[in-house]
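Below: the structure, in structure tokens.
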Amino acid sequence: MFIVANRVTVAEPFQEIFEQRFRSRAGQIDQQPGFVRMQVLKPVKPEMHYVVLTSWVNRQAFDDWVGSDDFKRAHANPMPKEAFIGESAIEMHEVIVSADATS
């Protein structure tokens, strides 16, 4: 599995808008081949960053999504620059161990 973490610090006046954009996102990432899940993590402390995690079956599935028309639509109307504090950071990881709770 391939995990992408996008770390974004959002200015307080824009946080609700940022969250709402994910709740009603334009792109249908859910329909992309190889997509596993998306999680948007809200920071507990206001000065911390949001983390947007996407999980994919492999790197190629993620790369295909980034090159898709859906990706372009989802990122066509960005929030204003003043909505963000500092630079965002994108991290990419291959999963080597995974554990889930048993039912």
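Identifiers in this document derive from the order of the structure tokens: chains are assigned A, B, ..., residues are numbered from 1 separately in each chain, and ligands are numbered from 1 in order of occurrence.
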
**Request:** May I have the residues within 9 Å of Ile29 in chain A as a count of residues only, using only C-alpha atoms and disregarding those fewer than 4 positions away in the same chain?
**Result:** 9

Residues of chain A in alpha helix (DSSP H), written as a compact mmCIF listing (two decimals) with C-alpha atoms, in the first residue's frame:
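File result39.txt, as written:
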```
# COMPACT_ATOMS: atom_id res chain seq x y z
CA GLN A 15 -10.47 26.44 8.93
CA GLU A 16 -14.23 25.84 8.56
CA ILE A 17 -14.03 26.60 4.83
CA PHE A 18 -11.09 24.23 4.47
CA GLU A 19 -12.99 21.46 6.23
CA GLN A 20 -16.17 22.07 4.23
CA ARG A 21 -14.27 21.84 0.95
CA PHE A 22 -13.27 18.29 1.85
CA ARG A 23 -16.78 17.41 2.99
CA ARG A 59 2.33 4.35 -6.20
CA GLN A 60 1.08 3.97 -9.77
CA ALA A 61 -2.57 4.38 -8.67
CA PHE A 62 -1.66 7.66 -6.92
CA ASP A 63 0.34 8.91 -9.91
CA ASP A 64 -2.57 8.07 -12.24
CA TRP A 65 -4.94 10.09 -10.05
CA VAL A 66 -2.57 13.09 -10.01
CA ASP A 69 -9.00 15.21 -15.09
CA ASP A 70 -10.65 14.58 -11.72
CA PHE A 71 -7.51 15.79 -9.92
CA LYS A 72 -7.48 18.93 -12.07
CA ARG A 73 -11.15 19.62 -11.26
CA ALA A 74 -10.61 19.01 -7.55
```

Skipping near chain neighbours, those fewer than 6 positions away, what residues fall within 10 Å of Met48 in chain A using only C-alpha atoms, listed as a PDB file with N, CA and C atoms, in the first residue's frame?
```pdb
ATOM      1  N   ARG A   7       0.502  17.813   4.680  1.00  0.00           N
ATOM      2  CA  ARG A   7       0.432  18.561   5.938  1.00  0.00           C
ATOM      3  C   ARG A   7       0.251  20.044   5.612  1.00  0.00           C
ATOM      4  N   VAL A   8      -0.856  20.617   6.112  1.00  0.00           N
ATOM      5  CA  VAL A   8      -1.235  21.979   5.765  1.00  0.00           C
ATOM      6  C   VAL A   8      -1.628  22.745   7.027  1.00  0.00           C
ATOM      7  N   THR A   9      -1.015  23.903   7.253  1.00  0.00           N
ATOM      8  CA  THR A   9      -1.418  24.752   8.374  1.00  0.00           C
ATOM      9  C   THR A   9      -2.367  25.811   7.833  1.00  0.00           C
ATOM     10  N   VAL A  10      -3.583  25.818   8.366  1.00  0.00           N
ATOM     11  CA  VAL A  10      -4.645  26.695   7.874  1.00  0.00           C
ATOM     12  C   VAL A  10      -4.888  27.799   8.902  1.00  0.00           C
ATOM     13  N   LYS A  42      -7.965  16.792  11.714  1.00  0.00           N
ATOM     14  CA  LYS A  42      -7.983  18.159  12.227  1.00  0.00           C
ATOM     15  C   LYS A  42      -7.060  18.235  13.446  1.00  0.00           C
TER      16      LYS A  42
END
```

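For the atom pair formed by CA of Val95 in chain A and CA of His75 in chain A, the distance is 26.4 Å, given to one decimal.
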
**Prompt:** Which is closer to Trp56 in chain A than all the others in A:Ile90, A:Ala83, A:Val44, A:Ile3, using only C-alpha atoms?
**Reply:**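 Using only C-alpha atoms, the shortest distance to Trp56 in chain A belongs to A:Ile3.
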
**Prompt:** Which distance in Å separates CA of Ser68 in chain A and CA of Leu53 in chain A, to one decimal?
**Reply:**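 Result for CA of Ser68 in chain A versus CA of Leu53 in chain A: 18.6 Å, one decimal.
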
**Request:** Return the single residue from A:Asn77, A:Asn6, A:Gln32, A:Ser24 that is closest to His49 in chain A, with distances computed using only C-alpha atoms.
**Result:**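 That would be A:Asn6, the residue with the smallest distance to His49 in chain A.
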
**Message:** Give me, as a PyMOL selection string, the residues of chain A that a backbone DSSP run labels strand (DSSP E).
**Reply:** chain A and resi 2-8+35-41+50-56+89-94

**Message:** Taking only C-alpha atoms into account, name the residue in A:Ala101, A:Gln28, A:Val40, A:Glu47 that is nearest to Ile85 in chain A.
**Reply:**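 Nearest to Ile85 in chain A: A:Glu47.
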
**Request:** Enter the distance from CA of Asn58 in chain A to CA of Met79 in chain A, in Å, rounded to one decimal.
**Result:**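 If I compute the distance from CA of Asn58 in chain A to CA of Met79 in chain A, I get 29.0 Å.
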
**Item:** Best match for closeness to Glu94 in chain A among A:Leu41, A:Pro46, A:Ala76, A:Val4, counting only C-alpha atoms
**Value:** A:Val4

**Residues near Glu82 in chain A, cut-off 10 Å, only C-alpha atoms, skip fewer than 6 positions along chain, as a ChimeraX atom specification** = /A:10-11,13-14
